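Presented below is the structure to which this report refers.
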Amino acid sequence: MIIDVHRHMWSARERYREGEFANVPGRESPLPVRFNWEETTQEIVAEMDEAGVDMTVLLVADFAARRGDAPFDIHEENRFIVEARNKYPDRLVAFYGIDPRRRGAVDSFERAIKEWRVQGLKIHTSVGFFPHDRVCYPFYELCVLHDLPVLFHVAPNFNPRLYSRYCHPLEFDEVGTDFPNVRMIMGHAGGDWWADCIIVARGHPNMMLDLSGWPIKLRDTPAETLYVLNRMRDGVGIERILWANDFPGPREQISLKGCKEVIQRLPSLGAEHGYSFSEADVQAILGTNAQSLLKLH
């Protein structure tokens with residue numbers, strides 16, 4: 001089974017068609033987009049079919065504190081994700097995304113667990129809070145109670161409206177210690193802070209590394225990226241590395257199929273550059289690890 005653990009219905013550039021999110025160097029703007037969850041869901045599943053992807057985790061990042069609401073508020077966008085999952089329950093997994101500082105956010109998350117049957121939580125701290133701020137703790141407690149994973153953005157931010165300091169791997173050490181039973185997905189595996197991410201995750205068996213952004217690096221700079229992937233494997237174990245892509249944003253640079261195929265080439269790419277990756281490593285990254293994390297049978 002091949003599982004993508006990090007996907008959005010619409011990219012930040014699509015949700016914020018004007019302003020900082022739209023002005024990405026080297027990319028055309030604006031993007032045409034239709035905010036119709038049913039059409040978008042069909043396109044996502046069709047893209048998964050073309051790429052040979054069995055399941056995808058859908059989630060939303062709540063940027064409202066720094067950028068304002070998208071064309072719909074956060075509660076409506078979360079509902080879109082749940083409706084998409086309900087339409088394709090064997091293909092899509094629904095995570096709930098929200099800024100924990102919102103009024104009534106804890107109650108909203110709890111209702112989403114009980115009434116919508118969401119399967120995880122997404123928190124994007126770049127809007128101005130640390131993951132160890134006590135406002136977040138009731139969310140982690142709900143994750144413990146209902147045995148749900150939480151996915152964080154753990155990497156620098158390259159948008160002038162978002163803060164990077166709140167997303168440094170070291171800031172997640174306290175959460176990993178205080179909530180050892182919460183399965184924590186470290187989105188982007190730290191990005192440029194990958195070495196720090198490995199160091200922090202090494203001490204927390206509940207932390208897993210999400211490879212969003214790394215398939216592009218592997219395609220473009222294989223020698224440097226293989227070194228990092230080898231360090232990840234040595235640091236936390238192959239069983240804690242997850243295939244993820246943060247689509248649809250990267251679609252202008254690489255196809256979903258391309259993201260899968262470059263990971264499938266790990267054994268041959270590794271051999272070219274002096275690293276040993278097995279077919280078992282590939283299968284673990286592409287799906288076996290996520291299947292265990294999400295408790296899919």
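By order of appearance in the structure tokens: chains A, B, ..., then residues from 1 within every chain, and ligands from 1 in the order shown.
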
Which residues, written as a short mmCIF file (atom, residue, chain, number, x, y, z; two decimals) with N, CA and C atoms, in the first residue's frame, have at least one atom at most 7 Å from region 1-11 of chain A, with only C-alpha atoms counted and residues fewer than 2 positions away on the same chain left out?
data_model
loop_
_atom_site.label_atom_id
_atom_site.label_comp_id
_atom_site.auth_asym_id
_atom_site.auth_seq_id
_atom_site.Cartn_x
_atom_site.Cartn_y
_atom_site.Cartn_z
N ARG A 13 -1.18 29.24 -2.26
CA ARG A 13 -1.28 30.19 -3.37
C ARG A 13 -2.68 30.21 -3.95
N GLU A 14 -3.36 29.07 -3.91
CA GLU A 14 -4.74 29.04 -4.41
C GLU A 14 -5.70 29.67 -3.41
N ARG A 15 -5.48 29.41 -2.14
CA ARG A 15 -6.37 29.95 -1.11
C ARG A 15 -6.20 31.46 -0.95
N THR A 40 -12.73 19.22 -6.67
CA THR A 40 -11.35 19.09 -6.23
C THR A 40 -11.06 17.68 -5.74
N VAL A 53 -1.19 5.83 -6.16
CA VAL A 53 -1.21 6.09 -4.71
C VAL A 53 -2.52 5.55 -4.15
N ASP A 54 -2.43 4.75 -3.10
CA ASP A 54 -3.62 4.11 -2.55
C ASP A 54 -4.41 5.00 -1.61
N MET A 55 -3.70 5.70 -0.70
CA MET A 55 -4.39 6.53 0.29
C MET A 55 -3.64 7.83 0.49
N THR A 56 -4.38 8.86 0.91
CA THR A 56 -3.80 10.19 1.14
C THR A 56 -4.43 10.80 2.38
N VAL A 57 -3.59 11.43 3.19
CA VAL A 57 -4.06 12.19 4.34
C VAL A 57 -4.33 13.63 3.89
N LEU A 58 -5.58 14.08 4.04
CA LEU A 58 -5.96 15.44 3.71
C LEU A 58 -5.97 16.28 4.98
N LEU A 59 -5.43 17.51 4.87
CA LEU A 59 -5.40 18.39 6.04
C LEU A 59 -5.42 19.84 5.59
N VAL A 60 -5.63 20.73 6.56
CA VAL A 60 -5.68 22.16 6.25
C VAL A 60 -4.81 22.91 7.25
N TRP A 243 6.55 8.81 3.59
CA TRP A 243 6.43 9.49 2.31
C TRP A 243 5.33 10.54 2.39
N ALA A 244 5.65 11.75 1.96
CA ALA A 244 4.70 12.87 2.02
C ALA A 244 5.12 13.89 0.99
N ASN A 245 4.15 14.71 0.52
CA ASN A 245 4.45 15.57 -0.63
C ASN A 245 3.92 17.00 -0.56
N ASP A 246 3.00 17.29 0.36
CA ASP A 246 2.48 18.66 0.52
C ASP A 246 1.82 19.18 -0.75
N PHE A 247 1.22 18.28 -1.52
CA PHE A 247 0.51 18.70 -2.73
C PHE A 247 -0.75 19.47 -2.34
N PRO A 248 -1.27 20.34 -3.25
CA PRO A 248 -0.90 20.49 -4.66
C PRO A 248 0.20 21.50 -4.94
N GLY A 249 0.72 22.17 -3.90
CA GLY A 249 1.72 23.21 -4.13
C GLY A 249 2.88 22.82 -5.02
N LEU A 286 7.25 4.32 1.62
CA LEU A 286 6.09 4.62 0.78
C LEU A 286 4.75 4.21 1.40
N GLY A 287 4.74 3.33 2.38
CA GLY A 287 3.43 2.96 2.88
C GLY A 287 3.36 2.15 4.15
N THR A 288 4.29 1.21 4.34
CA THR A 288 4.20 0.34 5.51
C THR A 288 4.22 1.13 6.81
N ALA A 290 3.37 4.33 7.29
CA ALA A 290 2.13 5.10 7.43
C ALA A 290 0.96 4.21 7.78
#

Write out as a PyMOL selection string the residues lying within 7 Å of region 112-120 of chain A, counting only C-alpha atoms and excluding same-chain residues fewer than 5 positions away.
chain A and resi 82+93-96+148-150

Would you mind writing down, as an MDAnalysis selection string, each residue of region 50-99 of chain A that DSSP on the backbone assigns to strand (DSSP E or B)?
chainID A and resid 55:58 92:97

Distance table requested - region 66-172 of chain A against region 200-205 of chain A, cut-off 9 Å, only C-alpha atoms: one row per qualifying residue with the closest atom pair and its distance in Å to one decimal, ordered by chain and rising residue number, as CSV.
residue,atom,partner,partner_atom,distance
A:Pro169,CA,A:Val200,CA,6.6
A:Leu170,CA,A:Val200,CA,6.4
A:Phe172,CA,A:Val200,CA,7.9

The selected residues should be written to file as a compact mmCIF listing (two decimals), in the first residue's frame (atoms: N, CA and C atoms).
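Written out: out-v2.txt:
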# COMPACT_ATOMS: atom_id res chain seq x y z
N PRO A 169 12.75 22.51 15.20
CA PRO A 169 12.59 21.19 15.84
C PRO A 169 12.75 21.18 17.36
N LEU A 170 13.64 22.01 17.89
CA LEU A 170 13.86 22.02 19.33
C LEU A 170 12.59 22.39 20.10
N PHE A 172 9.76 21.34 19.71
CA PHE A 172 8.84 20.20 19.84
C PHE A 172 9.32 19.18 20.87

Quick one: residues within 10 Å of region 272-276 of chain A, only C-alpha atoms counted, chain neighbours fewer than 6 positions away excluded, as a PyMOL selection string?
chain A and resi 222-224+226-227+229-230+266

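Proximity of A:Leu293, A:Val106, A:Ile285, A:Leu256 to Gly52 (chain A), computed with only C-alpha atoms, is greatest for A:Leu256.
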
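Using only C-alpha atoms, the nearest neighbour of Glu47 (chain A) within the list A:Arg240, A:Leu294, A:Arg91, A:Ser268 is A:Arg91.
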
Nearest to Asp234 (chain A) by atom-to-atom distance, counting only C-alpha atoms, from A:Trp193, A:Trp214, A:Phe277, A:Phe130
A:Phe277

At a cut-off of 7 Å, using only C-alpha atoms, what residues contact Ala61 (chain A)? Leave out same-chain residues fewer than 2 positions from it and give the result as a PyMOL selection string.
chain A and resi 59+63+97-98+122-124

Keeping C-alpha atoms, export the residues of the selection given above as a short mmCIF file (atom, residue, chain, number, x, y, z; two decimals), in the first residue's frame.
data_model
loop_
_atom_site.label_atom_id
_atom_site.label_comp_id
_atom_site.auth_asym_id
_atom_site.auth_seq_id
_atom_site.Cartn_x
_atom_site.Cartn_y
_atom_site.Cartn_z
CA LEU A 59 -5.40 18.39 6.04
CA PHE A 63 -3.15 30.78 8.55
CA GLY A 97 -6.55 21.68 11.18
CA ILE A 98 -7.01 24.70 13.44
CA LYS A 122 -2.81 19.40 12.01
CA ILE A 123 -1.23 22.34 13.84
CA HIS A 124 0.79 25.02 12.00
#

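Closest approach to Ser278 (chain A) among A:Arg183, A:Arg233, A:Arg103, A:Arg66: A:Arg233, based on only C-alpha atoms.
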
If you count only C-alpha atoms, which residues fall within 12 Å of Gln253 (chain A), apart from same-chain ones fewer than 3 positions away, as a PyMOL selection string?
chain A and resi 26-28+213+215-217+219-220+245+247-250+256-259

Could those residues be written to a file, using N, CA and C atoms, as a PDB file, in the first residue's frame?
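Contents of the output file result11.pdb:
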ATOM      1  N   GLY A  26       9.728  32.605  -9.421  1.00  0.00           N
ATOM      2  CA  GLY A  26       9.870  31.528 -10.378  1.00  0.00           C
ATOM      3  C   GLY A  26       8.589  30.801 -10.718  1.00  0.00           C
ATOM      4  N   ARG A  27       7.462  31.257 -10.151  1.00  0.00           N
ATOM      5  CA  ARG A  27       6.194  30.581 -10.432  1.00  0.00           C
ATOM      6  C   ARG A  27       5.206  31.591 -11.010  1.00  0.00           C
ATOM      7  N   GLU A  28       4.389  31.115 -11.925  1.00  0.00           N
ATOM      8  CA  GLU A  28       3.388  31.979 -12.527  1.00  0.00           C
ATOM      9  C   GLU A  28       2.265  32.255 -11.526  1.00  0.00           C
ATOM     10  N   GLY A 213       8.630  17.706   0.479  1.00  0.00           N
ATOM     11  CA  GLY A 213       9.680  18.533  -0.110  1.00  0.00           C
ATOM     12  C   GLY A 213      10.935  17.766  -0.486  1.00  0.00           C
ATOM     13  N   PRO A 215      11.304  14.650  -1.966  1.00  0.00           N
ATOM     14  CA  PRO A 215      11.385  14.011  -3.286  1.00  0.00           C
ATOM     15  C   PRO A 215      11.934  14.944  -4.370  1.00  0.00           C
ATOM     16  N   ILE A 216      11.590  16.229  -4.302  1.00  0.00           N
ATOM     17  CA  ILE A 216      12.129  17.188  -5.272  1.00  0.00           C
ATOM     18  C   ILE A 216      13.638  17.322  -5.087  1.00  0.00           C
ATOM     19  N   LYS A 217      14.076  17.404  -3.830  1.00  0.00           N
ATOM     20  CA  LYS A 217      15.513  17.498  -3.551  1.00  0.00           C
ATOM     21  C   LYS A 217      16.236  16.238  -4.035  1.00  0.00           C
ATOM     22  N   ARG A 219      15.381  14.298  -6.484  1.00  0.00           N
ATOM     23  CA  ARG A 219      15.469  14.342  -7.944  1.00  0.00           C
ATOM     24  C   ARG A 219      16.556  15.308  -8.411  1.00  0.00           C
ATOM     25  N   ASP A 220      16.621  16.498  -7.783  1.00  0.00           N
ATOM     26  CA  ASP A 220      17.496  17.555  -8.269  1.00  0.00           C
ATOM     27  C   ASP A 220      18.917  17.485  -7.723  1.00  0.00           C
ATOM     28  N   ASN A 245       4.145  14.713   0.524  1.00  0.00           N
ATOM     29  CA  ASN A 245       4.451  15.571  -0.630  1.00  0.00           C
ATOM     30  C   ASN A 245       3.916  16.997  -0.559  1.00  0.00           C
ATOM     31  N   PHE A 247       1.221  18.278  -1.520  1.00  0.00           N
ATOM     32  CA  PHE A 247       0.512  18.701  -2.731  1.00  0.00           C
ATOM     33  C   PHE A 247      -0.748  19.469  -2.340  1.00  0.00           C
ATOM     34  N   PRO A 248      -1.272  20.341  -3.246  1.00  0.00           N
ATOM     35  CA  PRO A 248      -0.900  20.485  -4.657  1.00  0.00           C
ATOM     36  C   PRO A 248       0.196  21.502  -4.939  1.00  0.00           C
ATOM     37  N   GLY A 249       0.724  22.173  -3.904  1.00  0.00           N
ATOM     38  CA  GLY A 249       1.719  23.209  -4.130  1.00  0.00           C
ATOM     39  C   GLY A 249       2.881  22.816  -5.025  1.00  0.00           C
ATOM     40  N   PRO A 250       3.509  21.661  -4.784  1.00  0.00           N
ATOM     41  CA  PRO A 250       4.686  21.286  -5.591  1.00  0.00           C
ATOM     42  C   PRO A 250       4.370  20.847  -7.018  1.00  0.00           C
ATOM     43  N   LEU A 256       2.914  14.084  -8.841  1.00  0.00           N
ATOM     44  CA  LEU A 256       2.780  13.149  -7.729  1.00  0.00           C
ATOM     45  C   LEU A 256       3.435  11.815  -8.093  1.00  0.00           C
ATOM     46  N   LYS A 257       3.248  11.402  -9.340  1.00  0.00           N
ATOM     47  CA  LYS A 257       3.880  10.168  -9.802  1.00  0.00           C
ATOM     48  C   LYS A 257       5.401  10.280  -9.735  1.00  0.00           C
ATOM     49  N   GLY A 258       5.911  11.452 -10.091  1.00  0.00           N
ATOM     50  CA  GLY A 258       7.347  11.676 -10.017  1.00  0.00           C
ATOM     51  C   GLY A 258       7.866  11.590  -8.593  1.00  0.00           C
ATOM     52  N   CYS A 259       7.063  12.091  -7.638  1.00  0.00           N
ATOM     53  CA  CYS A 259       7.454  12.007  -6.224  1.00  0.00           C
ATOM     54  C   CYS A 259       7.559  10.556  -5.772  1.00  0.00           C
TER      55      CYS A 259
END

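For Leu162 (chain A), the non-local neighbours within 9 Å, defined as residues at least 2 positions apart in the same chain or in other chains and counting only C-alpha atoms, are Phe63, Arg66, Arg67, Ser126, Val127, Gly128, Asn157, Phe158, Asn159, Pro160 and Ser164 of chain A.
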
Which of these, A:Val175, A:Leu242, A:Leu218, A:Leu121, has the shortest distance to Ala189 (chain A) once you count only C-alpha atoms?
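Closest to Ala189 (chain A), using only C-alpha atoms: A:Leu242.
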